[in-house]
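Have a look at work.cif below; it lists mmCIF, C-alpha atoms.
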data_upload
loop_
_atom_site.label_atom_id
_atom_site.label_comp_id
_atom_site.auth_asym_id
_atom_site.auth_seq_id
_atom_site.Cartn_x
_atom_site.Cartn_y
_atom_site.Cartn_z
CA MET A 292 -24.07 90.12 -106.93
CA LYS A 293 -26.11 91.71 -109.72
CA PHE A 294 -29.02 89.38 -108.98
CA ILE A 295 -28.88 90.25 -105.27
CA ILE A 296 -28.93 94.00 -105.96
CA TYR A 297 -31.92 93.73 -108.30
CA ILE A 298 -33.73 91.55 -105.76
CA LEU A 299 -33.05 94.10 -103.01
CA LEU A 300 -34.33 96.88 -105.23
CA GLY A 301 -37.43 94.82 -105.98
CA ILE A 302 -38.00 94.30 -102.26
CA LEU A 303 -37.54 98.03 -101.62
CA GLN A 304 -40.04 98.89 -104.37
CA GLY A 305 -42.53 96.28 -103.14
CA PHE A 306 -42.32 97.36 -99.52
CA THR A 307 -42.67 101.09 -100.14
CA GLU A 308 -45.19 101.09 -103.04
CA PRO A 309 -48.41 100.69 -100.99
CA LEU A 310 -47.16 102.64 -97.97
CA PRO A 311 -47.63 106.42 -97.62
CA ILE A 312 -43.87 107.02 -97.72
CA SER A 313 -43.11 107.37 -101.48
CA SER A 314 -41.52 104.42 -103.26
CA SER A 315 -39.88 106.72 -105.85
CA GLY A 316 -38.44 108.84 -103.03
CA HIS A 317 -36.89 105.79 -101.36
CA LEU A 318 -35.38 104.55 -104.62
CA PHE A 319 -33.88 108.00 -105.26
CA LEU A 320 -32.50 108.06 -101.71
CA PHE A 321 -31.04 104.57 -102.17
CA LYS A 322 -29.37 105.74 -105.38
CA ASN A 323 -27.74 108.70 -103.65
CA ILE A 324 -26.58 106.81 -100.55
CA PHE A 325 -25.00 103.94 -102.49
CA ASN A 326 -24.03 105.99 -105.54
CA THR A 327 -25.53 103.49 -107.99
CA ASN A 328 -26.77 104.16 -111.50
CA MET A 329 -28.87 100.99 -111.59
CA LEU A 330 -31.91 103.04 -110.62
CA ASN A 331 -31.63 104.95 -113.88
CA ASP A 332 -32.66 101.74 -115.64
CA LEU A 333 -36.12 102.58 -116.99
CA ASN A 334 -36.76 98.98 -118.05
CA PHE A 335 -36.19 97.72 -114.52
CA GLU A 336 -38.54 100.38 -113.18
CA ILE A 337 -41.23 99.17 -115.58
CA PHE A 338 -40.82 95.57 -114.43
CA VAL A 339 -40.91 96.23 -110.67
CA ASN A 340 -43.84 98.63 -110.98
CA PHE A 341 -45.70 95.94 -112.89
CA GLY A 342 -44.93 93.51 -110.08
CA SER A 343 -46.53 95.86 -107.55
CA PHE A 344 -49.48 96.39 -109.88
CA ILE A 345 -50.14 92.64 -110.08
CA ALA A 346 -50.16 92.31 -106.29
CA ILE A 347 -52.57 95.20 -105.70
CA PHE A 348 -54.76 94.03 -108.58
CA LEU A 349 -55.08 90.58 -106.98
CA ILE A 350 -55.96 92.13 -103.61
CA PHE A 351 -58.81 94.13 -105.14
CA PHE A 352 -59.74 91.65 -107.87
CA LYS A 353 -63.30 91.03 -106.64
CA ASP A 354 -63.98 94.75 -106.17
CA ILE A 355 -62.63 95.57 -109.64
CA ILE A 356 -64.68 92.86 -111.36
CA LYS A 357 -67.84 93.98 -109.55
CA LEU A 358 -67.29 97.63 -110.50
CA ILE A 359 -66.69 96.73 -114.15
CA LYS A 360 -69.87 94.60 -114.23
CA ASP A 361 -71.91 97.30 -112.49
CA PHE A 362 -70.63 99.98 -114.86
CA PHE A 363 -71.57 98.13 -118.04
CA ASN A 364 -74.79 96.65 -116.67
CA TYR A 365 -75.93 100.13 -115.73
CA LEU A 366 -75.18 101.39 -119.24
CA PHE A 367 -76.58 98.50 -121.25
CA ASN A 368 -79.03 96.60 -119.04
CA LYS A 369 -82.02 98.72 -117.98
CA LYS A 370 -83.36 95.97 -115.71
CA LYS A 371 -80.26 96.10 -113.53
CA ARG A 372 -79.82 99.86 -113.30
CA LYS A 373 -81.26 100.15 -109.82
CA ASP A 374 -79.00 97.40 -108.46
CA THR A 375 -75.88 98.71 -110.20
CA LEU A 376 -76.32 102.46 -109.61
CA ASN A 377 -73.91 102.62 -106.66
CA GLY A 378 -71.20 100.78 -108.56
CA PHE A 379 -71.67 102.98 -111.63
CA ASN A 380 -71.49 106.15 -109.52
CA TYR A 381 -68.32 104.87 -107.82
CA CYS A 382 -66.68 104.41 -111.23
CA ILE A 383 -67.64 107.97 -112.21
CA LEU A 384 -66.15 109.29 -108.97
CA ILE A 385 -62.89 107.46 -109.68
CA LEU A 386 -62.84 109.01 -113.13
CA ILE A 387 -63.44 112.49 -111.71
CA SER A 388 -60.64 112.08 -109.15
CA SER A 389 -58.26 110.85 -111.86
CA ILE A 390 -58.79 113.72 -114.31
CA PRO A 391 -56.70 116.42 -112.51
CA VAL A 392 -53.58 114.27 -112.13
CA GLY A 393 -53.98 112.99 -115.69
CA ILE A 394 -54.08 116.49 -117.17
CA ILE A 395 -51.25 117.93 -115.09
CA GLY A 396 -49.17 114.78 -115.52
CA ALA A 397 -49.53 114.84 -119.30
CA LEU A 398 -48.65 118.54 -119.55
CA PHE A 399 -45.94 119.00 -116.95
CA LYS A 400 -44.61 115.56 -115.89
CA ASP A 401 -41.08 116.05 -117.27
CA LYS A 402 -40.77 119.56 -115.81
CA ILE A 403 -42.02 118.40 -112.42
CA GLU A 404 -39.63 115.44 -112.29
CA SER A 405 -36.68 117.69 -113.20
CA ILE A 406 -36.92 119.53 -109.87
CA LEU A 407 -36.01 116.43 -107.83
CA SER A 408 -32.86 116.76 -105.75
CA ILE A 409 -31.81 115.13 -102.51
CA LYS A 410 -32.59 118.27 -100.46
CA PHE A 411 -35.95 118.63 -102.19
CA LEU A 412 -36.63 114.99 -101.27
CA GLY A 413 -36.10 115.89 -97.62
CA LEU A 414 -38.70 118.64 -97.91
CA ALA A 415 -41.11 116.22 -99.61
CA PHE A 416 -40.77 113.76 -96.72
CA LEU A 417 -41.42 116.61 -94.28
CA LEU A 418 -44.57 117.55 -96.19
CA THR A 419 -45.73 113.93 -96.10
CA ALA A 420 -45.01 113.70 -92.36
CA LEU A 421 -46.99 116.88 -91.64
CA SER A 422 -50.01 115.86 -93.71
CA LEU A 423 -50.19 112.38 -92.15
CA PHE A 424 -49.92 113.89 -88.68
CA LEU A 425 -52.73 116.38 -89.29
CA VAL A 426 -55.29 113.65 -90.03
CA LYS A 427 -54.26 111.26 -87.26
CA ASN A 428 -57.38 111.89 -85.15
CA ILE A 429 -59.94 112.21 -87.93
CA LYS A 430 -62.70 109.59 -87.85
CA GLY A 431 -65.04 109.75 -90.82
CA ASN A 432 -68.45 108.16 -91.25
CA LYS A 433 -68.84 107.98 -95.04
CA ASP A 434 -69.15 104.64 -96.85
CA ASP A 435 -68.58 104.02 -100.57
CA GLN A 436 -72.06 105.23 -101.52
CA ASP A 437 -71.66 108.43 -99.47
CA ILE A 438 -68.71 109.82 -101.43
CA THR A 439 -69.78 112.98 -103.23
CA ILE A 440 -68.60 114.68 -106.41
CA LYS A 441 -67.14 117.42 -104.20
CA ASP A 442 -65.15 114.78 -102.29
CA ALA A 443 -63.91 113.28 -105.56
CA ILE A 444 -62.76 116.69 -106.81
CA ILE A 445 -60.94 117.53 -103.56
CA ILE A 446 -59.22 114.13 -103.51
CA GLY A 447 -58.32 114.47 -107.19
CA ILE A 448 -56.77 117.90 -106.64
CA LEU A 449 -54.74 116.60 -103.69
CA GLN A 450 -53.60 113.63 -105.77
CA MET A 451 -51.92 116.12 -108.14
CA PHE A 452 -49.39 116.87 -105.42
CA ALA A 453 -48.24 113.24 -105.69
CA LEU A 454 -46.68 114.20 -109.04
CA ILE A 455 -44.07 116.10 -107.03
CA PRO A 456 -41.07 113.76 -106.71
CA GLY A 457 -40.84 112.27 -103.24
CA VAL A 458 -44.46 112.97 -102.29
CA SER A 459 -46.36 109.74 -101.66
CA ARG A 460 -49.41 109.15 -103.87
CA SER A 461 -51.08 106.77 -101.44
CA GLY A 462 -50.29 109.09 -98.53
CA THR A 463 -51.67 112.15 -100.30
CA VAL A 464 -54.87 110.40 -101.36
CA LEU A 465 -55.37 108.81 -97.94
CA VAL A 466 -55.04 112.24 -96.35
CA GLY A 467 -57.59 113.63 -98.82
CA CYS A 468 -60.02 110.79 -98.15
CA LEU A 469 -59.77 111.18 -94.38
CA PHE A 470 -60.08 114.96 -94.69
CA CYS A 471 -63.35 114.37 -96.58
CA LYS A 472 -64.60 112.29 -93.63
CA LEU A 473 -64.48 108.86 -95.29
CA LYS A 474 -64.30 105.89 -92.96
CA ARG A 475 -60.81 104.48 -92.68
CA GLU A 476 -61.63 101.29 -94.59
CA THR A 477 -63.52 103.31 -97.23
CA ALA A 478 -60.58 105.71 -97.55
CA LEU A 479 -58.14 102.83 -98.01
CA LYS A 480 -60.25 101.24 -100.73
CA TYR A 481 -60.79 104.51 -102.61
CA THR A 482 -57.06 105.27 -102.41
CA PHE A 483 -56.15 102.06 -104.17
CA MET A 484 -59.01 102.18 -106.62
CA LEU A 485 -57.43 105.46 -107.74
CA TYR A 486 -54.08 103.67 -107.98
CA PHE A 487 -55.20 101.69 -111.02
CA PRO A 488 -55.95 104.49 -113.54
CA VAL A 489 -52.68 106.28 -112.69
CA SER A 490 -50.64 103.09 -112.67
CA MET A 491 -52.14 101.79 -115.92
CA ALA A 492 -51.42 105.09 -117.68
CA SER A 493 -47.82 105.06 -116.41
CA MET A 494 -47.33 101.43 -117.42
CA GLY A 495 -48.76 102.11 -120.88
CA LEU A 496 -46.16 104.81 -121.43
CA GLY A 497 -43.52 102.55 -119.93
CA ILE A 498 -44.36 99.70 -122.29
CA LEU A 499 -43.99 102.05 -125.26
CA ASP A 500 -40.54 103.04 -123.98
CA PHE A 501 -39.68 99.37 -123.46
CA LEU A 502 -40.64 98.52 -127.04
CA HIS A 503 -38.37 101.28 -128.32
CA ASN A 504 -35.53 100.27 -125.99
CA PRO A 505 -35.90 96.54 -125.26
CA ALA A 506 -33.96 95.07 -122.36
CA SER A 507 -30.74 93.19 -122.89
CA SER A 508 -31.34 89.45 -122.72
CA SER A 509 -28.63 89.20 -120.07
CA LEU A 510 -30.71 91.38 -117.73
CA LEU A 511 -34.12 89.78 -118.22
CA LEU A 512 -33.65 87.26 -115.41
CA SER A 513 -32.59 90.06 -113.04
CA TYR A 514 -35.66 92.06 -114.06
CA PHE A 515 -38.01 89.14 -113.51
CA LEU A 516 -36.49 88.42 -110.10
CA GLY A 517 -36.96 92.06 -109.13
CA MET A 518 -40.55 91.96 -110.40
CA LEU A 519 -41.32 88.73 -108.51
CA PHE A 520 -39.99 90.02 -105.21
CA ALA A 521 -41.69 93.39 -105.72
CA SER A 522 -45.01 91.62 -106.25
CA VAL A 523 -44.77 89.36 -103.20
CA VAL A 524 -43.53 92.09 -100.86
CA THR A 525 -46.16 94.56 -102.13
CA TYR A 526 -48.89 92.08 -101.20
CA PHE A 527 -47.73 91.74 -97.60
CA SER A 528 -46.86 95.42 -97.30
CA TYR A 529 -50.43 96.35 -98.25
CA ARG A 530 -51.84 93.91 -95.69
CA TRP A 531 -49.72 95.56 -93.01
CA LEU A 532 -50.85 99.04 -94.13
CA SER A 533 -54.48 97.90 -94.06
CA GLU A 534 -54.22 96.82 -90.43
CA LEU A 535 -52.53 100.06 -89.38
CA VAL A 536 -55.15 102.22 -91.13
CA LYS A 537 -58.03 100.29 -89.58
CA LYS A 538 -56.47 100.76 -86.13
CA GLY A 539 -55.96 104.48 -86.71
CA LYS A 540 -52.17 104.23 -86.59
CA LEU A 541 -51.36 106.03 -89.83
CA TRP A 542 -49.45 108.59 -87.72
CA LYS A 543 -46.60 106.09 -87.33
CA PHE A 544 -45.63 106.77 -90.93
CA SER A 545 -45.58 110.48 -90.07
CA ILE A 546 -42.85 109.84 -87.51
CA TYR A 547 -40.93 107.68 -89.96
CA CYS A 548 -41.05 110.34 -92.72
CA PHE A 549 -39.95 113.03 -90.26
CA ILE A 550 -36.96 110.96 -89.11
CA LEU A 551 -36.08 110.22 -92.75
CA ALA A 552 -36.22 113.93 -93.62
CA VAL A 553 -33.91 114.78 -90.69
CA PHE A 554 -31.52 112.04 -91.79
CA ILE A 555 -31.41 113.47 -95.33
CA PHE A 556 -30.68 117.00 -94.11
CA ILE A 557 -27.88 115.77 -91.83
CA TYR A 558 -26.33 113.13 -94.09
CA PHE A 559 -26.32 115.31 -97.22
CA ARG A 560 -25.59 118.68 -95.59
#

Could you show the structure in this file as structure tokens?
Amino acid sequence: MKFIIYILLGILQGFTEPLPISSSGHLFLFKNIFNTNMLNDLNFEIFVNFGSFIAIFLIFFKDIIKLIKDFFNYLFNKKKRKDTLNGFNYCILILISSIPVGIIGALFKDKIESILSIKFLGLAFLLTALSLFLVKNIKGNKDDQDITIKDAIIIGILQMFALIPGVSRSGTVLVGCLFCKLKRETALKYTFMLYFPVSMASMGLGILDFLHNPASSSLLLSYFLGMLFASVVTYFSYRWLSELVKKGKLWKFSIYCFILAVFIFIYFR
């Protein structure tokens, strides 16, 4: 039974991580509905988040490798600067967009997380629903090379709101990208390029916690099963999201988040 629960939690994490519906919000909701303390297990959270990270990393592997090569070739190979300028600029834009959430997260993360309650979660889902609905008809025309510093700053500021428990990071950044008139495919790529700095910082802190509080050997198999299922489900969940974004059907998640918010207010009244 323990294995099954951890697998289900891994599937839940994997399914909700790429989608603009807040994976942390769903796990908190699951905890409150089923009255389980398993979701307080920080080690398990580290494992399943790493599973999702692996899946998204594999999806964008070629893009990541190209950006890394372009960045260093631009810095250290004068002959290739012209060919690698766009890639270098893209890396700088990612850095700019990551700075606001990094600063606020480092200073106020614990205080922000302490405000989470089940009613607050309902409000967070309502906020997500509203923001996704507002951009449903926006059609941008900007490609990767058209993203400006102003766009990066706006998107970075909006990403700070994802620190609020229950507010989706991918949803917030997607809304910011579409608001800045990025093409849907461009917005999707930029959203998940921004996923890596935030996720790597979180995992780094998580690994430090894990080293101080290593998992019981009896739970390692459960953790690995959760991580495996989280990774596989994240991969397919992202593919589904990609198709919906390209077809301009992001609004469907707005309806889902609204229904979920109404459910929370009724069930936990």

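Nearest-residue note for Leu398 in chain A: choosing from A:Leu376, A:Ile446, A:Leu454, A:Ile337, the minimum distance belongs to A:Leu454, counting only C-alpha atoms.
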
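In this structure, CA of Gly462 in chain A sits 12.4 Å away from CA of Leu417 in chain A.
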
Take the PyMOL selection byres ((chain A and resi 354) around 12), run it mentally on this structure, and tell me the resulting residues as a PDB file with C-alpha atoms, in the coordinates of the input.
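Once everything was written out, this is selection-v1.pdb:
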ATOM      1  CA  ILE A 347     -52.570  95.200-105.700  1.00  0.00           C
ATOM      2  CA  PHE A 348     -54.760  94.030-108.580  1.00  0.00           C
ATOM      3  CA  LEU A 349     -55.080  90.580-106.980  1.00  0.00           C
ATOM      4  CA  ILE A 350     -55.960  92.130-103.610  1.00  0.00           C
ATOM      5  CA  PHE A 351     -58.810  94.130-105.140  1.00  0.00           C
ATOM      6  CA  PHE A 352     -59.740  91.650-107.870  1.00  0.00           C
ATOM      7  CA  LYS A 353     -63.300  91.030-106.640  1.00  0.00           C
ATOM      8  CA  ILE A 355     -62.630  95.570-109.640  1.00  0.00           C
ATOM      9  CA  ILE A 356     -64.680  92.860-111.360  1.00  0.00           C
ATOM     10  CA  LYS A 357     -67.840  93.980-109.550  1.00  0.00           C
ATOM     11  CA  LEU A 358     -67.290  97.630-110.500  1.00  0.00           C
ATOM     12  CA  ILE A 359     -66.690  96.730-114.150  1.00  0.00           C
ATOM     13  CA  LYS A 360     -69.870  94.600-114.230  1.00  0.00           C
ATOM     14  CA  ASP A 361     -71.910  97.300-112.490  1.00  0.00           C
ATOM     15  CA  GLY A 378     -71.200 100.780-108.560  1.00  0.00           C
ATOM     16  CA  TYR A 381     -68.320 104.870-107.820  1.00  0.00           C
ATOM     17  CA  CYS A 382     -66.680 104.410-111.230  1.00  0.00           C
ATOM     18  CA  ASP A 435     -68.580 104.020-100.570  1.00  0.00           C
ATOM     19  CA  LYS A 480     -60.250 101.240-100.730  1.00  0.00           C
ATOM     20  CA  TYR A 481     -60.790 104.510-102.610  1.00  0.00           C
ATOM     21  CA  PHE A 483     -56.150 102.060-104.170  1.00  0.00           C
ATOM     22  CA  MET A 484     -59.010 102.180-106.620  1.00  0.00           C
TER      23      MET A 484
END

Check: So how many Å separate CA of Ile324 in chain A and CA of Ile345 in chain A, to one decimal?
Finding: 29.1 Å

Next item on the list: Please provide the set of residues having any atom within 12 Å of range 447-453 of chain A, restricted to all atoms listed in the file, with same-chain residues fewer than 2 positions apart removed, written as a VMD selection string.
Entry: chain A and resid 311 to 316 384 to 397 399 to 400 403 to 404 415 to 416 418 to 419 422 440 to 445 455 to 471 481 to 483 485 to 486 489

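Here the question is which of A:Asp374, A:Asp401, A:Glu308, A:Asp434 gets nearest to Ser490 in chain A using all atoms listed in the file, and that residue is A:Glu308.
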
Item checked: Nearest-residue call for Phe319 in chain A, choices A:Leu502, A:Cys548, A:Ile383, A:Ile555, using all atoms listed in the file -> A:Ile555

Margin query: Between CA of Arg475 in chain A and CA of Leu425 in chain A, what is the distance in Å, rounded to a tenth?
Written below: 14.8 Å
